[in-house]
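What follows is the content of protein33.csv (CSV, C-alpha atoms).
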```
chain,number,residue,atom,x,y,z
A,1,MET,CA,-10.2,142.2,147.5
A,2,ALA,CA,-6.9,140.3,147.8
A,3,GLU,CA,-4.5,141.7,150.3
A,4,GLU,CA,-1.6,143.5,148.7
A,5,THR,CA,1.9,142.3,149.5
A,6,VAL,CA,4.3,145.2,150.1
A,7,VAL,CA,8.0,144.3,149.5
A,8,THR,CA,10.4,146.6,151.2
A,9,ALA,CA,13.8,147.6,149.8
A,10,ARG,CA,15.4,145.8,152.7
A,11,GLU,CA,13.6,142.5,151.8
A,12,VAL,CA,14.7,142.9,148.2
A,13,ARG,CA,18.3,143.4,149.3
A,14,ALA,CA,18.1,140.4,151.6
A,15,VAL,CA,16.8,138.2,148.7
A,16,ALA,CA,19.5,139.4,146.4
A,17,GLU,CA,22.2,138.9,149.0
A,18,ALA,CA,21.0,135.3,149.7
A,19,ALA,CA,21.0,134.6,145.9
A,20,LEU,CA,24.6,136.0,145.6
A,21,ARG,CA,25.7,134.0,148.6
A,22,LEU,CA,24.3,130.8,147.1
A,23,GLN,CA,26.1,131.5,143.8
A,24,GLU,CA,29.4,132.2,145.5
A,25,LEU,CA,29.1,128.9,147.4
A,26,LEU,CA,28.4,127.0,144.2
A,27,LEU,CA,31.2,128.8,142.4
A,28,ARG,CA,33.6,128.1,145.3
A,29,ARG,CA,32.8,124.4,145.1
A,30,ALA,CA,33.3,124.5,141.3
A,31,TRP,CA,36.7,126.1,141.9
A,32,GLY,CA,37.5,123.2,144.2
A,33,VAL,CA,37.2,120.9,141.2
A,34,PHE,CA,39.6,123.2,139.3
A,35,TYR,CA,42.2,122.9,142.1
A,36,ALA,CA,41.9,119.1,142.2
A,37,ALA,CA,41.9,118.7,138.4
A,38,TRP,CA,44.9,120.9,137.8
A,39,SER,CA,46.9,119.6,140.8
A,40,GLY,CA,46.5,116.1,139.2
A,41,SER,CA,47.7,117.5,135.9
A,42,MET,CA,50.7,119.2,137.6
A,43,LEU,CA,51.5,115.9,139.4
A,44,VAL,CA,51.8,114.1,136.1
A,45,SER,CA,53.8,116.8,134.3
A,46,ILE,CA,56.2,117.6,137.1
A,47,PHE,CA,56.8,114.2,138.7
A,48,VAL,CA,55.3,111.3,136.7
A,49,THR,CA,56.4,112.0,133.2
A,50,PRO,CA,60.0,113.1,134.2
A,51,ILE,CA,60.4,109.9,136.2
A,52,VAL,CA,59.2,107.8,133.3
A,53,ALA,CA,61.4,109.7,130.9
A,54,ALA,CA,64.4,109.1,133.1
A,55,SER,CA,63.6,105.5,133.5
A,56,PHE,CA,63.0,104.8,129.8
A,57,PRO,CA,65.0,107.5,127.9
A,58,SER,CA,65.0,105.8,124.6
A,59,ALA,CA,61.3,105.0,124.5
A,60,PHE,CA,59.8,108.0,126.3
A,61,THR,CA,61.1,110.8,124.2
A,62,ILE,CA,59.8,114.4,124.0
A,63,VAL,CA,56.9,113.4,121.7
A,64,PRO,CA,55.2,111.0,124.1
A,65,HIS,CA,56.1,113.4,126.9
A,66,VAL,CA,54.0,116.1,125.2
A,67,ILE,CA,51.2,113.7,124.3
A,68,VAL,CA,50.8,112.5,127.8
A,69,ASN,CA,50.8,116.0,129.3
A,70,MET,CA,48.3,117.1,126.6
A,71,ALA,CA,46.0,114.2,127.5
A,72,VAL,CA,46.1,114.8,131.2
A,73,SER,CA,45.7,118.6,130.9
A,74,GLY,CA,42.8,117.9,128.5
A,75,ILE,CA,41.1,115.8,131.1
A,76,ALA,CA,41.6,118.7,133.6
A,77,VAL,CA,40.0,121.1,131.1
A,78,VAL,CA,36.9,118.8,130.7
A,79,ALA,CA,36.6,118.4,134.5
A,80,THR,CA,36.9,122.1,135.1
A,81,VAL,CA,34.4,123.3,132.5
A,82,THR,CA,31.9,120.6,133.4
A,83,ALA,CA,32.0,121.8,137.0
A,84,PHE,CA,31.4,125.4,136.0
A,85,ARG,CA,28.7,124.5,133.5
A,86,ARG,CA,26.6,123.1,136.3
A,87,VAL,CA,26.7,126.6,138.0
A,88,ARG,CA,25.9,128.6,134.8
A,89,ASP,CA,22.1,128.7,135.6
A,90,THR,CA,22.9,130.9,138.6
A,91,ALA,CA,24.5,133.5,136.4
A,92,GLU,CA,21.1,135.1,135.8
A,93,VAL,CA,21.2,136.3,139.4
A,94,ARG,CA,24.6,138.0,138.8
A,95,ARG,CA,23.4,139.5,135.5
A,96,ALA,CA,20.4,141.0,137.1
A,97,ILE,CA,22.4,142.9,139.7
A,98,GLY,CA,25.9,143.0,138.3
A,99,THR,CA,28.2,141.1,136.1
A,100,ALA,CA,28.6,137.4,135.2
A,101,GLY,CA,31.8,137.5,133.1
A,102,TRP,CA,33.0,134.2,134.5
A,103,THR,CA,30.4,132.4,132.4
A,104,ARG,CA,32.3,133.3,129.3
A,105,LEU,CA,35.8,132.9,130.6
A,106,LEU,CA,35.1,129.5,132.1
A,107,SER,CA,33.1,128.1,129.3
A,108,TYR,CA,34.0,125.2,127.0
A,109,ARG,CA,34.7,127.5,124.1
A,110,ALA,CA,37.0,129.9,126.0
A,111,PHE,CA,38.8,127.3,128.1
A,112,ALA,CA,39.3,124.7,125.3
A,113,SER,CA,40.4,127.5,122.9
A,114,LEU,CA,43.1,128.6,125.4
A,115,TRP,CA,44.2,125.1,125.9
A,116,ALA,CA,44.5,124.4,122.2
A,117,ALA,CA,46.3,127.7,121.6
A,118,VAL,CA,48.8,127.1,124.4
A,119,TYR,CA,49.7,123.6,123.2
A,120,ALA,CA,49.9,124.7,119.6
A,121,VAL,CA,52.6,127.2,120.7
A,122,VAL,CA,54.2,124.6,122.9
A,123,ILE,CA,54.5,122.2,119.9
A,124,LEU,CA,55.9,124.9,117.6
A,125,VAL,CA,58.4,126.1,120.2
A,126,LEU,CA,59.6,122.5,120.9
A,127,ALA,CA,59.8,121.7,117.2
A,128,PHE,CA,61.6,124.8,115.9
A,129,PHE,CA,63.3,126.7,118.8
A,130,ILE,CA,64.2,124.8,122.0
A,131,SER,CA,64.0,121.2,123.3
A,132,ASP,CA,63.9,122.0,127.0
A,133,ILE,CA,60.5,120.8,128.1
A,134,VAL,CA,60.9,122.3,131.6
A,135,ASN,CA,61.0,125.9,130.3
A,136,VAL,CA,58.0,125.2,128.1
A,137,VAL,CA,56.0,123.8,131.1
A,138,LEU,CA,56.9,126.9,133.1
A,139,LEU,CA,55.5,129.1,130.3
A,140,VAL,CA,52.3,127.0,130.3
A,141,TYR,CA,52.0,127.5,134.0
A,142,ALA,CA,52.5,131.3,133.7
A,143,VAL,CA,49.7,131.5,131.1
A,144,MET,CA,47.4,129.3,133.2
A,145,LEU,CA,48.0,131.5,136.3
A,146,LEU,CA,47.1,134.7,134.5
A,147,TYR,CA,43.9,133.2,133.2
A,148,ALA,CA,43.0,131.7,136.6
A,149,PHE,CA,43.7,134.9,138.5
A,150,TYR,CA,41.4,136.8,136.2
A,151,ALA,CA,38.7,134.2,136.2
A,152,LEU,CA,38.8,134.0,140.0
A,153,LYS,CA,38.4,137.8,140.2
A,154,LEU,CA,35.4,137.6,137.9
A,155,SER,CA,33.9,134.8,139.9
A,156,PHE,CA,34.2,136.6,143.3
A,157,PRO,CA,34.1,140.3,142.7
A,158,ARG,CA,33.3,141.1,146.3
A,159,LYS,CA,35.9,139.0,148.1
A,160,LEU,CA,38.3,136.4,146.9
A,161,PRO,CA,38.2,133.0,148.7
A,162,ILE,CA,41.3,132.4,150.9
A,163,GLU,CA,42.0,129.0,149.4
A,164,GLY,CA,42.0,130.5,145.9
A,165,MET,CA,44.4,133.3,146.7
A,166,VAL,CA,46.8,130.8,148.6
A,167,ALA,CA,46.7,128.2,145.8
A,168,LEU,CA,47.3,130.5,142.9
A,169,SER,CA,49.9,132.6,144.8
A,170,SER,CA,51.8,129.5,145.8
A,171,LEU,CA,52.1,128.4,142.2
A,172,ALA,CA,53.0,131.9,141.0
A,173,ILE,CA,55.8,132.2,143.6
A,174,VAL,CA,57.3,128.8,142.9
A,175,THR,CA,57.0,129.1,139.1
A,176,ALA,CA,58.7,132.5,139.2
A,177,GLY,CA,61.4,131.2,141.6
A,178,THR,CA,62.0,128.2,139.4
A,179,ALA,CA,62.3,130.3,136.3
A,180,THR,CA,64.8,132.6,138.1
A,181,LEU,CA,66.9,129.7,139.4
A,182,ARG,CA,67.0,128.0,136.0
A,183,LEU,CA,67.5,130.9,133.6
A,184,ILE,CA,69.6,133.3,135.7
A,185,PHE,CA,71.5,131.1,138.2
A,186,ALA,CA,71.5,127.9,136.1
A,187,VAL,CA,70.5,125.7,139.0
A,188,ASP,CA,70.1,122.2,137.5
A,189,SER,CA,69.5,120.2,140.7
A,190,THR,CA,66.0,118.8,140.8
A,191,ALA,CA,65.8,118.5,144.6
A,192,PRO,CA,64.7,122.1,145.3
A,193,TYR,CA,62.2,122.1,142.5
A,194,ALA,CA,60.7,118.8,143.5
A,195,LEU,CA,60.3,120.0,147.1
A,196,ALA,CA,58.8,123.4,146.1
A,197,TYR,CA,56.3,121.9,143.7
A,198,GLY,CA,55.5,119.1,146.1
A,199,MET,CA,54.4,121.8,148.6
A,200,VAL,CA,52.4,123.4,145.9
A,201,LEU,CA,50.5,120.2,145.1
A,202,LEU,CA,49.8,119.8,148.8
A,203,ILE,CA,48.5,123.4,149.0
A,204,TRP,CA,46.3,122.8,146.0
A,205,ALA,CA,44.9,119.6,147.4
A,206,ALA,CA,44.1,121.4,150.7
A,207,ALA,CA,42.5,124.3,148.7
A,208,SER,CA,40.3,121.8,146.8
A,209,TRP,CA,39.2,120.1,150.1
A,210,ASN,CA,38.4,123.5,151.7
A,211,ALA,CA,36.4,124.7,148.7
A,212,ARG,CA,34.5,121.5,148.3
A,213,ARG,CA,33.6,121.2,152.0
A,214,GLN,CA,31.6,124.5,151.9
A,215,ARG,CA,28.0,123.7,152.9
A,216,LEU,CA,25.1,124.7,150.7
A,217,PRO,CA,21.8,126.0,152.1
A,218,GLY,CA,19.3,123.3,153.0
A,219,VAL,CA,17.0,124.3,150.1
A,220,ALA,CA,18.1,123.1,146.7
A,221,TYR,CA,18.5,125.6,143.9
A,222,GLY,CA,17.4,124.3,140.6
A,223,GLY,CA,19.0,120.9,141.3
A,224,ILE,CA,22.5,122.3,140.9
A,225,SER,CA,25.1,120.3,142.7
A,226,PRO,CA,28.6,121.2,141.4
```
Could you render the structure as structure tokens?
Amino acid sequence: MAEETVVTAREVRAVAEAALRLQELLLRRAWGVFYAAWSGSMLVSIFVTPIVAASFPSAFTIVPHVIVNMAVSGIAVVATVTAFRRVRDTAEVRRAIGTAGWTRLLSYRAFASLWAAVYAVVILVLAFFISDIVNVVLLVYAVMLLYAFYALKLSFPRKLPIEGMVALSSLAIVTAGTATLRLIFAVDSTAPYALAYGMVLLIWAAASWNARRQRLPGVAYGGISP
């Protein structure tokens, strides 16, 4: 008669904890792609396109400005959802013992739908209401931050990674400060904004590096390597 194997509750908890830890590491690395992709998008929208527009004001009008920003942010969307798609298989672990809401929020359908909706609003606002691209960009950042904070919370319900909190908080503080200075105090000088957002980009680059350097366990899990 084959010897029966008795699995204790402690062993079950240990296996579940190991599986959750693996998923958190994979998700953390996927978020590292998010920070890198969107810091690149912010670099273009905050620094590159304004410099080009100032250098060639007659050629680089608001239409190509929006098109370039849409293209770059679209690339960031593709990079982000591709990174999270590679981790989706591990969601079965979270579903078995909890929730895996991040799989819906960070899917192609949800992320691309949000991106399309945001830029549809941007185009309508620029076409019929205002022509200040800076204020519209600030609105886009505010929407992205709300979405990212919620997605980060769903990804890490037990404890938020330090780099995620620092990266999103830095952008939230600078965006709120920029909106306040522009709309209330009418500060038009670009120097303080450039310095503030330059620091944000450095923070996001550091957040991406810290997230991506997280080591995975020696045993591969389903060939997943985000």
Please provide the set of residues having any atom within 12 Å of Trp204 (chain A), restricted to only C-alpha atoms, with same-chain residues fewer than 4 positions apart removed, written as a PDB file with C-alpha atoms, in the coordinates of the input.
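Writing the result to part24.pdb gives the following:
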```pdb
ATOM      1  CA  TRP A  31      36.700 126.100 141.900  1.00  0.00           C
ATOM      2  CA  GLY A  32      37.500 123.200 144.200  1.00  0.00           C
ATOM      3  CA  VAL A  33      37.200 120.900 141.200  1.00  0.00           C
ATOM      4  CA  PHE A  34      39.600 123.200 139.300  1.00  0.00           C
ATOM      5  CA  TYR A  35      42.200 122.900 142.100  1.00  0.00           C
ATOM      6  CA  ALA A  36      41.900 119.100 142.200  1.00  0.00           C
ATOM      7  CA  ALA A  37      41.900 118.700 138.400  1.00  0.00           C
ATOM      8  CA  TRP A  38      44.900 120.900 137.800  1.00  0.00           C
ATOM      9  CA  SER A  39      46.900 119.600 140.800  1.00  0.00           C
ATOM     10  CA  GLY A  40      46.500 116.100 139.200  1.00  0.00           C
ATOM     11  CA  SER A  41      47.700 117.500 135.900  1.00  0.00           C
ATOM     12  CA  MET A  42      50.700 119.200 137.600  1.00  0.00           C
ATOM     13  CA  LEU A  43      51.500 115.900 139.400  1.00  0.00           C
ATOM     14  CA  ILE A 162      41.300 132.400 150.900  1.00  0.00           C
ATOM     15  CA  GLU A 163      42.000 129.000 149.400  1.00  0.00           C
ATOM     16  CA  GLY A 164      42.000 130.500 145.900  1.00  0.00           C
ATOM     17  CA  MET A 165      44.400 133.300 146.700  1.00  0.00           C
ATOM     18  CA  VAL A 166      46.800 130.800 148.600  1.00  0.00           C
ATOM     19  CA  ALA A 167      46.700 128.200 145.800  1.00  0.00           C
ATOM     20  CA  LEU A 168      47.300 130.500 142.900  1.00  0.00           C
ATOM     21  CA  SER A 169      49.900 132.600 144.800  1.00  0.00           C
ATOM     22  CA  SER A 170      51.800 129.500 145.800  1.00  0.00           C
ATOM     23  CA  LEU A 171      52.100 128.400 142.200  1.00  0.00           C
ATOM     24  CA  TYR A 197      56.300 121.900 143.700  1.00  0.00           C
ATOM     25  CA  GLY A 198      55.500 119.100 146.100  1.00  0.00           C
ATOM     26  CA  MET A 199      54.400 121.800 148.600  1.00  0.00           C
ATOM     27  CA  VAL A 200      52.400 123.400 145.900  1.00  0.00           C
ATOM     28  CA  SER A 208      40.300 121.800 146.800  1.00  0.00           C
ATOM     29  CA  TRP A 209      39.200 120.100 150.100  1.00  0.00           C
ATOM     30  CA  ASN A 210      38.400 123.500 151.700  1.00  0.00           C
ATOM     31  CA  ALA A 211      36.400 124.700 148.700  1.00  0.00           C
TER      32      ALA A 211
END
```
Practice problem: Would you mind telling me which residue in A:Lys153, A:Arg158, A:Arg215, A:Arg109 lies nearest to Leu22 (chain A) when using all atoms listed in the file? | Solution: A:Arg215
Practice problem: One decimal, Å: what's the distance from CA of Tyr119 (chain A) over to CA of Val87 (chain A), could you say? | Solution: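 About the pair CA of Tyr119 (chain A) and CA of Val87 (chain A): they are 27.5 Å apart.
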Self-check item: Nearest to Met144 (chain A) by atom-to-atom distance, counting only C-alpha atoms, from A:Leu201, A:Val77, A:Ala206, A:Ala179
Solution: A:Val77
Quiz item: Residues at most 12 Å from Ala142 (chain A), counting all atoms listed in the file, excluding those fewer than 3 positions away in the same chain, as an MDAnalysis selection string?
Solution: chainID A and resid 118 135:139 145:149 168:169 171:179
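CA of Ser73 (chain A) is found 13.5 Å from CA of Val143 (chain A).
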Exercise. Please measure the separation of CA of Ala83 (chain A) and CA of Ser155 (chain A), giving the value in Å to one decimal.
Key: 13.5 Å
Quiz item: Counting only C-alpha atoms, what is within 9 Å of region 58-68 of chain A, bar same-chain residues fewer than 5 positions away, as a PyMOL selection string?
Solution: chain A and resi 44-45+49-50+52-53+73+119+122-123+126+131+133
N, CA and C atoms are needed for region 187-206 of chain A; please write them out as a JSON list (two decimals), in the frame of the given file.
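Result went into out.json, see below:
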```
[["chain", "number", "residue", "atom", "x", "y", "z"],
["A", 187, "VAL", "N", 70.62, 126.73, 138.03],
["A", 187, "VAL", "CA", 70.50, 125.70, 139.00],
["A", 187, "VAL", "C", 69.88, 124.45, 138.37],
["A", 188, "ASP", "N", 70.62, 123.35, 138.23],
["A", 188, "ASP", "CA", 70.10, 122.20, 137.50],
["A", 188, "ASP", "C", 69.62, 121.09, 138.50],
["A", 189, "SER", "N", 69.96, 121.18, 139.76],
["A", 189, "SER", "CA", 69.50, 120.20, 140.70],
["A", 189, "SER", "C", 68.02, 120.10, 140.79],
["A", 190, "THR", "N", 67.48, 118.90, 140.75],
["A", 190, "THR", "CA", 66.00, 118.80, 140.80],
["A", 190, "THR", "C", 65.43, 118.77, 142.17],
["A", 191, "ALA", "N", 66.26, 118.59, 143.19],
["A", 191, "ALA", "CA", 65.80, 118.50, 144.60],
["A", 191, "ALA", "C", 64.96, 119.71, 145.01],
["A", 192, "PRO", "N", 65.49, 120.94, 144.85],
["A", 192, "PRO", "CA", 64.70, 122.10, 145.30],
["A", 192, "PRO", "C", 63.41, 122.29, 144.56],
["A", 193, "TYR", "N", 63.42, 121.99, 143.26],
["A", 193, "TYR", "CA", 62.20, 122.10, 142.50],
["A", 193, "TYR", "C", 61.16, 121.10, 142.88],
["A", 194, "ALA", "N", 61.61, 119.88, 143.12],
["A", 194, "ALA", "CA", 60.70, 118.80, 143.50],
["A", 194, "ALA", "C", 60.06, 119.15, 144.87],
["A", 195, "LEU", "N", 60.86, 119.66, 145.79],
["A", 195, "LEU", "CA", 60.30, 120.00, 147.10],
["A", 195, "LEU", "C", 59.34, 121.17, 147.00],
["A", 196, "ALA", "N", 59.68, 122.19, 146.21],
["A", 196, "ALA", "CA", 58.80, 123.40, 146.10],
["A", 196, "ALA", "C", 57.48, 122.99, 145.43],
["A", 197, "TYR", "N", 57.53, 122.26, 144.33],
["A", 197, "TYR", "CA", 56.30, 121.90, 143.70],
["A", 197, "TYR", "C", 55.52, 120.83, 144.43],
["A", 198, "GLY", "N", 56.21, 120.03, 145.21],
["A", 198, "GLY", "CA", 55.50, 119.10, 146.10],
["A", 198, "GLY", "C", 54.67, 119.84, 147.11],
["A", 199, "MET", "N", 55.21, 120.93, 147.65],
["A", 199, "MET", "CA", 54.40, 121.80, 148.60],
["A", 199, "MET", "C", 53.26, 122.42, 147.87],
["A", 200, "VAL", "N", 53.46, 122.84, 146.63],
["A", 200, "VAL", "CA", 52.40, 123.40, 145.90],
["A", 200, "VAL", "C", 51.22, 122.45, 145.68],
["A", 201, "LEU", "N", 51.57, 121.21, 145.35],
["A", 201, "LEU", "CA", 50.50, 120.20, 145.10],
["A", 201, "LEU", "C", 49.75, 119.95, 146.43],
["A", 202, "LEU", "N", 50.44, 119.94, 147.57],
["A", 202, "LEU", "CA", 49.80, 119.80, 148.80],
["A", 202, "LEU", "C", 48.82, 120.95, 149.12],
["A", 203, "ILE", "N", 49.29, 122.15, 148.80],
["A", 203, "ILE", "CA", 48.50, 123.40, 149.00],
["A", 203, "ILE", "C", 47.23, 123.30, 148.12],
["A", 204, "TRP", "N", 47.40, 122.88, 146.86],
["A", 204, "TRP", "CA", 46.30, 122.80, 146.00],
["A", 204, "TRP", "C", 45.27, 121.73, 146.39],
["A", 205, "ALA", "N", 45.78, 120.62, 146.91],
["A", 205, "ALA", "CA", 44.90, 119.60, 147.40],
["A", 205, "ALA", "C", 44.10, 120.09, 148.61],
["A", 206, "ALA", "N", 44.77, 120.84, 149.50],
["A", 206, "ALA", "CA", 44.10, 121.40, 150.70],
["A", 206, "ALA", "C", 43.08, 122.47, 150.21]]
```
